[in-house]
$ cat query-v1.cif   # mmCIF, C-alpha atoms
data_structure
#
loop_
_atom_site.label_atom_id
_atom_site.label_comp_id
_atom_site.auth_asym_id
_atom_site.auth_seq_id
_atom_site.Cartn_x
_atom_site.Cartn_y
_atom_site.Cartn_z
CA MET R 9 -4.14 8.74 -17.28
CA SER R 10 -2.69 5.35 -18.10
CA LYS R 11 -3.66 3.76 -21.37
CA LYS R 12 -2.67 0.34 -20.09
CA PRO R 13 -5.32 -0.62 -17.54
CA ALA R 14 -4.90 -3.93 -15.72
CA VAL R 15 -6.69 -6.90 -17.29
CA THR R 16 -8.81 -8.46 -14.55
CA SER R 17 -11.16 -11.46 -14.44
CA VAL R 18 -13.87 -9.41 -12.66
CA PRO R 19 -14.35 -5.62 -12.64
CA ILE R 20 -12.33 -3.66 -10.08
CA ASP R 21 -12.10 0.01 -9.12
CA SER R 22 -11.08 1.98 -12.21
CA THR R 23 -8.35 3.94 -10.43
CA ILE R 24 -6.71 0.74 -9.14
CA ALA R 25 -6.97 -0.82 -12.61
CA GLY R 26 -5.67 2.37 -14.25
CA ARG R 27 -2.56 2.81 -12.09
CA TRP R 28 0.51 1.99 -14.12
CA SER R 29 4.24 2.59 -13.57
CA GLY R 30 5.10 4.13 -16.92
CA ARG R 31 8.42 5.84 -17.68
CA ALA R 32 7.50 8.42 -20.35
CA TYR R 33 6.95 11.79 -18.64
CA ASP R 34 6.08 15.18 -20.09
CA ALA R 35 8.70 17.67 -18.89
CA SER R 36 6.62 20.61 -20.12
CA LYS R 37 3.69 20.04 -17.75
CA PRO R 38 4.26 20.92 -14.10
CA VAL R 39 2.32 19.25 -11.27
CA THR R 40 0.27 21.92 -9.49
CA ARG R 41 0.59 22.56 -5.77
CA GLU R 42 -2.98 21.40 -5.22
CA GLN R 43 -2.23 18.13 -7.04
CA THR R 44 0.85 17.64 -4.87
CA ILE R 45 -1.10 18.19 -1.68
CA ALA R 46 -3.77 15.76 -2.90
CA LEU R 47 -1.07 13.09 -3.38
CA LEU R 48 0.08 13.64 0.21
CA GLU R 49 -3.44 13.76 1.67
CA ALA R 50 -4.10 10.39 0.03
CA ALA R 51 -0.92 8.99 1.59
CA ARG R 52 -1.76 10.60 4.92
CA TRP R 53 -5.03 8.71 5.31
CA ALA R 54 -3.54 5.24 4.79
CA PRO R 55 -4.05 2.83 7.71
CA SER R 56 -1.15 2.00 10.04
CA CYS R 57 -0.34 -0.14 13.06
CA TYR R 58 -1.42 1.72 16.25
CA GLY R 59 -2.24 4.63 13.90
CA ASP R 60 1.48 5.43 14.06
CA GLN R 61 1.73 6.89 10.52
CA PRO R 62 5.41 5.89 10.32
CA TRP R 63 5.82 7.19 6.76
CA ARG R 64 7.90 10.30 6.01
CA PHE R 65 7.95 11.78 2.49
CA ILE R 66 10.15 14.49 1.00
CA VAL R 67 8.83 16.16 -2.16
CA TRP R 68 11.21 17.72 -4.68
CA ASP R 69 9.44 19.87 -7.28
CA LYS R 70 11.66 20.78 -10.25
CA ASN R 71 9.48 23.79 -11.05
CA LYS R 72 9.68 25.13 -7.50
CA ASP R 73 13.23 24.36 -6.33
CA ALA R 74 15.32 23.05 -9.24
CA ALA R 75 18.54 22.86 -7.21
CA ALA R 76 17.02 20.61 -4.54
CA TRP R 77 15.36 18.44 -7.22
CA GLN R 78 18.74 18.09 -8.95
CA LYS R 79 20.42 17.04 -5.70
CA ALA R 80 17.83 14.28 -5.25
CA PHE R 81 18.01 13.32 -8.94
CA ASP R 82 21.81 12.96 -8.68
CA THR R 83 21.36 10.01 -6.27
CA LEU R 84 19.49 7.94 -8.91
CA VAL R 85 21.28 5.22 -10.85
CA GLU R 86 22.11 6.07 -14.45
CA PHE R 87 19.34 3.91 -15.93
CA ASN R 88 16.70 5.76 -13.91
CA GLN R 89 18.20 9.19 -14.63
CA GLY R 90 17.65 8.45 -18.31
CA TRP R 91 13.86 8.65 -17.97
CA VAL R 92 13.32 10.43 -14.65
CA LYS R 93 14.89 13.57 -16.10
CA ASN R 94 11.47 14.50 -17.52
CA SER R 95 9.57 13.94 -14.28
CA PRO R 96 8.72 17.24 -12.55
CA LEU R 97 8.28 15.67 -9.11
CA LEU R 98 10.54 13.34 -7.18
CA ILE R 99 9.27 12.00 -3.87
CA LEU R 100 11.14 10.03 -1.23
CA VAL R 101 9.24 7.37 0.71
CA ALA R 102 10.86 6.72 4.08
CA ALA R 103 9.67 5.39 7.44
CA ASP R 104 10.38 5.88 11.11
CA THR R 105 11.66 2.55 12.40
CA LYS R 106 10.46 3.32 15.93
CA PHE R 107 6.93 3.76 17.27
CA HIS R 108 5.95 7.35 18.06
CA HIS R 109 4.15 6.40 21.31
CA ASN R 110 6.88 4.38 23.03
CA GLY R 111 10.11 4.54 21.00
CA LYS R 112 10.20 0.77 20.48
CA PRO R 113 11.03 -0.81 17.08
CA ASN R 114 8.07 -0.76 14.69
CA PRO R 115 8.04 -4.01 12.69
CA PHE R 116 5.28 -2.59 10.46
CA ALA R 117 7.12 0.60 9.40
CA ALA R 118 7.92 -0.51 5.85
CA TYR R 119 4.60 -2.34 5.41
CA ASP R 120 2.63 0.76 6.41
CA ALA R 121 4.81 3.01 4.26
CA GLY R 122 3.98 0.70 1.35
CA ALA R 123 0.28 1.39 1.87
CA ALA R 124 0.85 5.16 2.04
CA ALA R 125 2.97 5.09 -1.13
CA GLU R 126 0.31 3.05 -2.94
CA ASN R 127 -2.33 5.61 -1.97
CA LEU R 128 -0.07 8.29 -3.42
CA CYS R 129 0.33 6.37 -6.69
CA LEU R 130 -3.42 5.79 -6.92
CA GLN R 131 -4.16 9.45 -6.24
CA ALA R 132 -1.73 10.34 -9.02
CA THR R 133 -3.82 8.17 -11.36
CA ALA R 134 -7.03 9.75 -10.08
CA SER R 135 -5.53 13.21 -10.75
CA GLY R 136 -4.60 12.34 -14.33
CA LEU R 137 -0.92 11.93 -13.43
CA MET R 138 1.40 8.91 -13.46
CA ALA R 139 3.71 7.69 -10.70
CA HIS R 140 6.59 5.21 -10.84
CA GLN R 141 8.46 3.90 -7.78
CA MET R 142 12.16 3.09 -7.89
CA ALA R 143 14.64 1.20 -5.76
CA GLY R 144 17.53 2.23 -8.03
CA PHE R 145 19.18 5.07 -6.13
CA ASP R 146 21.99 5.52 -3.62
CA ALA R 147 20.21 5.67 -0.26
CA GLY R 148 23.40 6.52 1.63
CA LYS R 149 24.14 9.42 -0.68
CA LEU R 150 20.57 10.66 -0.32
CA ARG R 151 20.74 10.36 3.48
CA ASP R 152 23.93 12.44 3.53
CA ALA R 153 22.70 15.02 1.03
CA PHE R 154 19.52 15.72 3.00
CA ALA R 155 20.67 14.95 6.58
CA ILE R 156 18.06 12.23 7.08
CA PRO R 157 18.29 10.77 10.62
CA GLU R 158 19.58 7.22 11.08
CA GLN R 159 16.32 6.19 12.75
CA ILE R 160 14.56 6.74 9.42
CA GLU R 161 14.56 3.87 6.90
CA ILE R 162 15.00 5.14 3.35
CA ILE R 163 12.81 2.95 1.12
CA ALA R 164 11.90 4.21 -2.35
CA MET R 165 11.88 7.18 -4.72
CA VAL R 166 8.81 8.01 -6.78
CA ALA R 167 8.68 9.93 -10.06
CA VAL R 168 5.39 11.78 -10.63
CA GLY R 169 4.19 13.80 -13.60
CA TYR R 170 2.01 13.78 -16.70
CA ALA R 171 2.45 10.83 -19.04
CA ALA R 172 4.05 11.54 -22.44
CA ASP R 173 4.04 9.54 -25.66
CA PRO R 174 6.29 6.44 -25.25
CA ALA R 175 7.87 7.48 -28.57
CA THR R 176 9.78 10.09 -26.53
CA LEU R 177 11.78 7.24 -24.97
CA GLU R 178 14.59 5.19 -26.48
CA GLY R 179 16.04 1.69 -26.46
CA GLU R 180 15.06 -0.85 -23.79
CA VAL R 181 13.13 1.74 -21.80
CA LYS R 182 10.90 2.35 -24.82
CA GLU R 183 10.48 -1.39 -25.40
CA GLY R 184 9.42 -1.87 -21.78
CA GLU R 185 6.94 0.97 -22.08
CA LEU R 186 5.27 -0.62 -25.09
CA ALA R 187 5.23 -4.21 -23.77
CA ALA R 188 2.05 -5.77 -22.42
CA ARG R 189 1.64 -5.67 -18.63
CA SER R 190 1.56 -9.01 -16.86
CA ARG R 191 1.08 -10.61 -13.47
CA ARG R 192 1.42 -14.18 -12.18
CA GLU R 193 -1.79 -16.24 -12.28
CA LEU R 194 -4.20 -15.35 -9.48
CA GLY R 195 -4.12 -18.84 -7.97
CA GLU R 196 -0.33 -18.86 -7.71
CA LEU R 197 -0.32 -16.17 -5.01
CA PHE R 198 -3.83 -16.15 -3.56
CA PHE R 199 -4.97 -19.21 -1.65
CA ASP R 200 -8.32 -20.60 -0.52
CA SER R 201 -8.58 -21.73 3.13
CA ALA R 202 -5.18 -23.46 3.03
CA TRP R 203 -1.58 -22.59 2.17
CA GLY R 204 -0.88 -23.27 -1.52
CA LYS R 205 -4.47 -24.11 -2.53
CA PRO R 206 -5.31 -21.84 -5.51
CA ILE R 207 -8.29 -19.51 -5.00
CA VAL R 208 -9.30 -20.12 -8.62
CA MET G 17 -19.52 2.14 2.45
CA SER G 18 -17.85 4.05 5.26
CA LYS G 19 -19.76 6.91 6.81
CA LYS G 20 -16.55 8.42 8.13
CA PRO G 21 -14.68 9.74 5.09
CA ALA G 22 -11.26 11.29 5.67
CA VAL G 23 -11.27 15.07 6.12
CA THR G 24 -8.77 16.45 3.60
CA SER G 25 -7.57 19.98 2.76
CA VAL G 26 -8.04 19.39 -0.98
CA PRO G 27 -10.31 16.85 -2.72
CA ILE G 28 -8.91 13.33 -3.15
CA ASP G 29 -10.20 10.13 -4.78
CA SER G 30 -13.48 9.19 -3.08
CA THR G 31 -12.51 5.55 -2.56
CA ILE G 32 -9.27 6.52 -0.81
CA ALA G 33 -11.15 9.06 1.32
CA GLY G 34 -13.92 6.55 2.05
CA ARG G 35 -11.69 3.67 3.20
CA TRP G 36 -12.04 3.24 6.95
CA SER G 37 -10.99 0.48 9.37
CA GLY G 38 -14.27 0.05 11.22
CA ARG G 39 -15.00 -2.85 13.60
CA ALA G 40 -18.78 -3.28 13.32
CA TYR G 41 -19.52 -6.07 10.83
CA ASP G 42 -22.80 -7.57 9.69
CA ALA G 43 -22.62 -11.35 10.23
CA SER G 44 -25.78 -11.88 8.20
CA LYS G 45 -24.35 -10.63 4.90
CA PRO G 46 -21.85 -12.90 3.15
CA VAL G 47 -19.20 -11.58 0.77
CA THR G 48 -19.84 -13.02 -2.69
CA ARG G 49 -17.23 -15.00 -4.58
CA GLU G 50 -17.05 -12.29 -7.24
CA GLN G 51 -16.40 -9.66 -4.56
CA THR G 52 -13.65 -11.82 -3.09
CA ILE G 53 -11.97 -12.25 -6.46
CA ALA G 54 -12.22 -8.48 -7.05
CA LEU G 55 -10.37 -7.89 -3.75
CA LEU G 56 -7.61 -10.22 -4.90
CA GLU G 57 -7.42 -8.82 -8.45
CA ALA G 58 -6.94 -5.37 -6.92
CA ALA G 59 -4.12 -6.70 -4.74
CA ARG G 60 -2.66 -8.60 -7.67
CA TRP G 61 -2.10 -5.47 -9.74
CA ALA G 62 -0.15 -3.56 -7.09
CA PRO G 63 3.38 -2.53 -8.13
CA SER G 64 6.41 -4.38 -6.77
CA CYS G 65 10.18 -4.34 -6.93
CA TYR G 66 11.33 -6.25 -10.06
CA GLY G 67 7.65 -7.09 -10.54
CA ASP G 68 8.26 -9.86 -8.00
CA GLN G 69 4.73 -9.84 -6.51
CA PRO G 70 6.08 -11.11 -3.18
CA TRP G 71 2.66 -11.06 -1.48
CA ARG G 72 0.82 -14.27 -0.57
CA PHE G 73 -2.74 -14.15 0.73
CA ILE G 74 -4.91 -16.89 2.27
CA VAL G 75 -8.67 -16.24 2.25
CA TRP G 76 -10.92 -17.85 4.86
CA ASP G 77 -14.62 -17.53 4.07
CA LYS G 78 -16.89 -18.40 6.99
CA ASN G 79 -19.78 -19.10 4.62
CA LYS G 80 -17.71 -21.47 2.50
CA ASP G 81 -15.48 -23.33 4.95
CA ALA G 82 -16.48 -22.52 8.52
CA ALA G 83 -13.96 -24.94 10.07
CA ALA G 84 -10.97 -23.36 8.31
CA TRP G 85 -12.25 -19.86 9.15
CA GLN G 86 -12.55 -20.91 12.81
CA LYS G 87 -8.98 -22.25 12.83
CA ALA G 88 -7.70 -18.89 11.56
CA PHE G 89 -9.99 -16.97 13.93
CA ASP G 90 -8.62 -18.94 16.88
CA THR G 91 -5.18 -17.38 16.35
CA LEU G 92 -6.52 -13.84 16.97
CA VAL G 93 -6.03 -12.15 20.35
CA GLU G 94 -9.13 -11.98 22.55
CA PHE G 95 -9.75 -8.28 21.90
CA ASN G 96 -9.90 -8.86 18.15
CA GLN G 97 -12.02 -12.00 18.48
CA GLY G 98 -14.63 -9.81 20.20
CA TRP G 99 -15.43 -7.93 16.99
CA VAL G 100 -13.99 -10.13 14.21
CA LYS G 101 -16.54 -12.84 15.08
CA ASN G 102 -19.03 -11.05 12.81
CA SER G 103 -16.66 -10.71 9.85
CA PRO G 104 -17.42 -13.29 7.13
CA LEU G 105 -13.94 -13.09 5.58
CA LEU G 106 -10.53 -13.35 7.19
CA ILE G 107 -7.50 -12.81 4.96
CA LEU G 108 -3.85 -13.35 5.75
CA VAL G 109 -1.30 -10.98 4.23
CA ALA G 110 2.12 -12.63 3.99
CA ALA G 111 5.19 -12.15 1.82
CA ASP G 112 7.96 -14.23 0.32
CA THR G 113 11.20 -12.94 1.84
CA LYS G 114 13.21 -14.09 -1.19
CA PHE G 115 13.10 -12.88 -4.78
CA HIS G 116 11.43 -15.26 -7.24
CA HIS G 117 14.05 -14.68 -9.97
CA ASN G 118 17.23 -15.35 -8.01
CA GLY G 119 16.38 -16.59 -4.50
CA LYS G 120 18.16 -13.68 -2.82
CA PRO G 121 16.61 -11.77 0.13
CA ASN G 122 13.96 -9.27 -0.98
CA PRO G 123 14.24 -6.13 1.19
CA PHE G 124 10.98 -4.81 -0.33
CA ALA G 125 8.81 -7.84 0.52
CA ALA G 126 6.88 -6.22 3.37
CA TYR G 127 6.73 -2.82 1.64
CA ASP G 128 5.25 -4.34 -1.51
CA ALA G 129 2.83 -6.49 0.50
CA GLY G 130 1.66 -3.27 2.16
CA ALA G 131 0.75 -1.86 -1.23
CA ALA G 132 -1.13 -5.02 -2.22
CA ALA G 133 -3.03 -5.06 1.08
CA GLU G 134 -3.96 -1.39 0.67
CA ASN G 135 -5.31 -2.13 -2.81
CA LEU G 136 -7.42 -4.89 -1.25
CA CYS G 137 -8.77 -2.53 1.42
CA LEU G 138 -9.58 0.12 -1.18
CA GLN G 139 -11.32 -2.41 -3.40
CA ALA G 140 -13.38 -3.47 -0.38
CA THR G 141 -14.50 0.17 -0.04
CA ALA G 142 -15.22 0.37 -3.77
CA SER G 143 -17.33 -2.82 -3.49
CA GLY G 144 -19.39 -1.43 -0.60
CA LEU G 145 -17.52 -3.54 1.94
CA MET G 146 -15.24 -2.63 4.84
CA ALA G 147 -11.79 -4.02 5.66
CA HIS G 148 -9.76 -3.78 8.86
CA GLN G 149 -6.16 -4.96 9.20
CA MET G 150 -4.83 -6.44 12.45
CA ALA G 151 -1.46 -7.21 13.96
CA GLY G 152 -3.09 -8.81 17.02
CA PHE G 153 -2.80 -12.53 16.32
CA ASP G 154 -0.39 -15.36 17.06
CA ALA G 155 1.70 -15.65 13.91
CA GLY G 156 3.52 -18.76 15.13
CA LYS G 157 0.23 -20.51 15.85
CA LEU G 158 -1.10 -19.51 12.44
CA ARG G 159 2.07 -20.76 10.74
CA ASP G 160 1.74 -24.12 12.47
CA ALA G 161 -2.00 -24.44 11.87
CA PHE G 162 -1.66 -23.85 8.12
CA ALA G 163 1.87 -25.20 7.46
CA ILE G 164 3.15 -21.88 6.13
CA PRO G 165 6.80 -22.20 5.01
CA GLU G 166 9.52 -20.44 7.04
CA GLN G 167 10.57 -18.42 4.00
CA ILE G 168 7.21 -16.64 4.14
CA GLU G 169 6.88 -13.63 6.44
CA ILE G 170 3.49 -13.56 8.16
CA ILE G 171 2.45 -9.90 8.38
CA ALA G 172 -1.20 -9.07 9.00
CA MET G 173 -4.74 -10.42 9.15
CA VAL G 174 -7.62 -8.56 7.52
CA ALA G 175 -11.31 -8.73 8.42
CA VAL G 176 -13.65 -8.01 5.50
CA GLY G 177 -17.43 -7.76 5.37
CA TYR G 178 -20.39 -5.41 5.26
CA ALA G 179 -20.42 -2.66 7.86
CA ALA G 180 -23.06 -2.88 10.59
CA ASP G 181 -24.46 -0.25 12.95
CA PRO G 182 -21.81 0.61 15.60
CA ALA G 183 -24.58 0.12 18.17
CA THR G 184 -24.00 -3.62 17.69
CA LEU G 185 -20.64 -3.21 19.46
CA GLU G 186 -19.95 -2.76 23.16
CA GLY G 187 -17.54 -1.01 25.54
CA GLU G 188 -14.28 0.48 24.30
CA VAL G 189 -14.67 -1.04 20.84
CA LYS G 190 -17.96 0.85 20.45
CA GLU G 191 -16.39 4.07 21.74
CA GLY G 192 -13.55 3.76 19.24
CA GLU G 193 -16.04 3.17 16.44
CA LEU G 194 -17.90 6.36 17.24
CA ALA G 195 -14.84 8.57 17.82
CA ALA G 196 -13.70 11.07 15.18
CA ARG G 197 -10.91 9.88 12.88
CA SER G 198 -7.64 11.77 13.09
CA ARG G 199 -4.18 12.02 11.54
CA ARG G 200 -1.06 14.02 12.40
CA GLU G 201 -0.79 17.41 10.68
CA LEU G 202 0.29 17.13 7.03
CA GLY G 203 3.49 19.12 7.58
CA GLU G 204 4.65 16.88 10.42
CA LEU G 205 5.23 13.92 8.08
CA PHE G 206 5.46 15.40 4.57
CA PHE G 207 8.40 17.64 3.79
CA ASP G 208 9.22 20.19 1.09
CA SER G 209 12.66 19.88 -0.59
CA ALA G 210 14.43 19.26 2.74
CA TRP G 211 14.17 16.86 5.66
CA GLY G 212 11.86 18.28 8.36
CA LYS G 213 10.64 21.31 6.38
CA PRO G 214 6.81 21.16 6.46
CA ILE G 215 5.11 20.94 3.04
CA VAL G 216 2.38 23.27 4.35
#
$ encode --input "query-v1.cif" --output "structure tokens"
Amino acid sequence: MSKKPAVTSVPIDSTIAGRWSGRAYDASKPVTREQTIALLEAARWAPSCYGDQPWRFIVWDKNKDAAAWQKAFDTLVEFNQGWVKNSPLLILVAADTKFHHNGKPNPFAAYDAGAAAENLCLQATASGLMAHQMAGFDAGKLRDAFAIPEQIEIIAMVAVGYAADPATLEGEVKEGELAARSRRELGELFFDSAWGKPIV
Amino acid sequence: MSKKPAVTSVPIDSTIAGRWSGRAYDASKPVTREQTIALLEAARWAPSCYGDQPWRFIVWDKNKDAAAWQKAFDTLVEFNQGWVKNSPLLILVAADTKFHHNGKPNPFAAYDAGAAAENLCLQATASGLMAHQMAGFDAGKLRDAFAIPEQIEIIAMVAVGYAADPATLEGEVKEGELAARSRRELGELFFDSAWGKPIV
């Protein structure tokens, strides 16, 4: 579980506050099959436009199929490989760009996939795990390596595992891990009745 | 709190399982200011690419500024107006299509906004409220009515309030409210090591 809960002006759900995208993973602790299924069940019950469930996830478990995990890992940029190497699970978040019921373009595919991925990250927190999403990977290489259809938008990779001591990291990754978390002021992004009018 | 929790094959976080997009709202129970801020704090702490926080929300509270709420409500399609009329809060989910740090297009704007909106919906559940997202509204009309800049992508509207007895609804809306919830089979959307290989 994260030791860097969000600092909020009023109390919020402890799982939401506890979710944190850390980079120090414990390579010695596998994620169990039941934990993996719980992550996916959480994603599965996210809401979606027309109930389309446009998300598609691929799970690579290093302790179950090391060769497939390695093939997915090889598509990450070097910076991410430096810390993801200790993460037992890698998960692709993708989305069908067309609606299931009529084959027309689904303008909410990425938006809905974002909700499903967030549920997965929150379930990781609830299960005592940590999840960290990444954009730093070669989507074309991943598409080729796993024969992912063109109709599917490749969006993000997620590292999942048990958190380790940040001291196991080095350099700027370690510095980032130890830095305080921050967000823009609430009133900068959340408005009251009118565009641009701060809620607080 | 929802009385229709998700049916899952393994236990998941109770807030994620309890989130449900119902349509029966209790017009007599306002959402408090502290509850509203909790919804926004939850959204605020969602993860985002480069920590950009591309989401922008406008909150319309019927019990605080009825005229502004009405102006937002008037952009909804007739079907949604039929049940949203009892929802004390209306919230717009929008996203900045350009990165804050360099002004370049942000391909993750909608995806990240989806995560923030899901956090909001989950916090609603955690606070004993219910939230329901909608695509059925006139985005152009909303943009004009509230002078929302072109750079901002208008994505979804969310109704938030206390759940009421489904008997307060009528016709197909009532039928939908009483129907069992469903999702596609886990293995149809979640794959194991390879594209299309069911996880279970």
$ interface_residues --input "query-v1.cif" --of "chain G" --to "chain R" --cutoff "6 Å" --atoms "only C-alpha atoms" --output "list of chain:residue names"
G:Val26, G:Ile28, G:Ala54, G:Arg72, G:Phe73, G:Ile74, G:Val75, G:Trp76, G:Ala84, G:Ala126, G:Tyr127, G:Asp128, G:Gly130, G:Ala131, G:Glu134, G:Leu205, G:Phe206, G:Phe207, G:Asp208, G:Ser209
$ atom_distance --input "query-v1.cif" --atom1 "CA of Lys93 in chain R" --atom2 "CA of Ala172 in chain R"
12.7 Å
$ atom_distance --input "query-v1.cif" --atom1 "CA of Ala139 in chain R" --atom2 "CA of Val39 in chain R"
11.7 Å
$ atom_distance --input "query-v1.cif" --atom1 "CA of Ala43 in chain G" --atom2 "CA of Asn102 in chain G"
4.4 Å
$ resolve_selection --input "query-v1.cif" --expression "the PyMOL selection byres ((chain R and resi 176-185) around 8)" --output "list of chain:residue names"
R:Gly30, R:Arg31, R:Ala32, R:Trp91, R:Ala172, R:Asp173, R:Pro174, R:Ala175, R:Leu186, R:Ala187
$ residues_near_point --input "query-v1.cif" --point "(8.2, 20.6, -17.1)" --cutoff "6 Å" --atoms "all atoms listed in the file" --output "list in words"
Ala35, Ser36, Lys37, Pro38 and Pro96 of chain R
$ closest_residue --input "query-v1.cif" --among "R:His109, R:Gly90, R:Phe81, R:Gly136" --to "Ala171 in chain R" --atoms "only C-alpha atoms"
R:Gly136
$ axis_aligned_box --input "query-v1.cif" --around "range 131-140 of chain G" --padding-each-side "5 Å" --output "AutoDock Vina command-line options"
--center_x -6.3 --center_y -2.5 --center_z -1.0 --size_x 24.1 --size_y 15.2 --size_z 14.8
$ closest_residue --input "query-v1.cif" --among "R:Phe145, R:Asp104, R:Leu137, R:Gly111" --to "Glu158 in chain R" --atoms "all atoms listed in the file"
R:Asp104
$ closest_residue --input "query-v1.cif" --among "R:Thr83, R:Ser95, R:Thr105, R:Thr40" --to "Val166 in chain R" --atoms "all atoms listed in the file"
R:Ser95
$ build_atoms --input "query-v1.cif" --residues "range 30-44 of chain G" --atoms "N, CA, C and O atoms" --output "CSV table (one decimal), in the coordinates of the input"
chain,number,residue,atom,x,y,z
G,30,SER,N,-12.5,9.5,-4.1
G,30,SER,CA,-13.5,9.2,-3.1
G,30,SER,C,-13.3,7.8,-2.4
G,30,SER,O,-13.7,7.6,-1.3
G,31,THR,N,-12.7,6.9,-3.2
G,31,THR,CA,-12.5,5.6,-2.6
G,31,THR,C,-11.4,5.6,-1.5
G,31,THR,O,-11.5,5.0,-0.4
G,32,ILE,N,-10.3,6.4,-1.8
G,32,ILE,CA,-9.3,6.5,-0.8
G,32,ILE,C,-9.8,7.3,0.4
G,32,ILE,O,-9.5,6.9,1.6
G,33,ALA,N,-10.6,8.3,0.2
G,33,ALA,CA,-11.2,9.1,1.3
G,33,ALA,C,-12.2,8.2,2.1
G,33,ALA,O,-12.3,8.4,3.3
G,34,GLY,N,-12.9,7.3,1.4
G,34,GLY,CA,-13.9,6.6,2.0
G,34,GLY,C,-13.5,5.3,2.8
G,34,GLY,O,-14.2,4.7,3.6
G,35,ARG,N,-12.2,4.9,2.5
G,35,ARG,CA,-11.7,3.7,3.2
G,35,ARG,C,-11.6,3.9,4.7
G,35,ARG,O,-11.0,4.9,5.1
G,36,TRP,N,-12.1,3.0,5.5
G,36,TRP,CA,-12.0,3.2,7.0
G,36,TRP,C,-12.0,1.9,7.6
G,36,TRP,O,-12.8,1.0,7.3
G,37,SER,N,-11.2,1.7,8.7
G,37,SER,CA,-11.0,0.5,9.4
G,37,SER,C,-12.0,0.4,10.5
G,37,SER,O,-11.6,0.4,11.7
G,38,GLY,N,-13.3,0.2,10.2
G,38,GLY,CA,-14.3,0.0,11.2
G,38,GLY,C,-14.3,-1.4,11.8
G,38,GLY,O,-13.6,-2.3,11.3
G,39,ARG,N,-15.0,-1.5,12.9
G,39,ARG,CA,-15.0,-2.8,13.6
G,39,ARG,C,-16.4,-3.5,13.7
G,39,ARG,O,-16.5,-4.6,14.2
G,40,ALA,N,-17.4,-2.7,13.2
G,40,ALA,CA,-18.8,-3.3,13.3
G,40,ALA,C,-19.1,-4.0,12.0
G,40,ALA,O,-19.3,-3.3,11.0
G,41,TYR,N,-19.2,-5.3,12.0
G,41,TYR,CA,-19.5,-6.1,10.8
G,41,TYR,C,-20.9,-6.7,10.9
G,41,TYR,O,-21.4,-7.1,12.0
G,42,ASP,N,-21.5,-7.0,9.8
G,42,ASP,CA,-22.8,-7.6,9.7
G,42,ASP,C,-22.6,-9.1,9.4
G,42,ASP,O,-22.3,-9.4,8.2
G,43,ALA,N,-22.8,-9.9,10.4
G,43,ALA,CA,-22.6,-11.4,10.2
G,43,ALA,C,-23.6,-12.0,9.3
G,43,ALA,O,-23.4,-13.1,8.8
G,44,SER,N,-24.7,-11.3,9.0
G,44,SER,CA,-25.8,-11.9,8.2
G,44,SER,C,-25.6,-11.7,6.7
G,44,SER,O,-26.3,-12.3,5.9
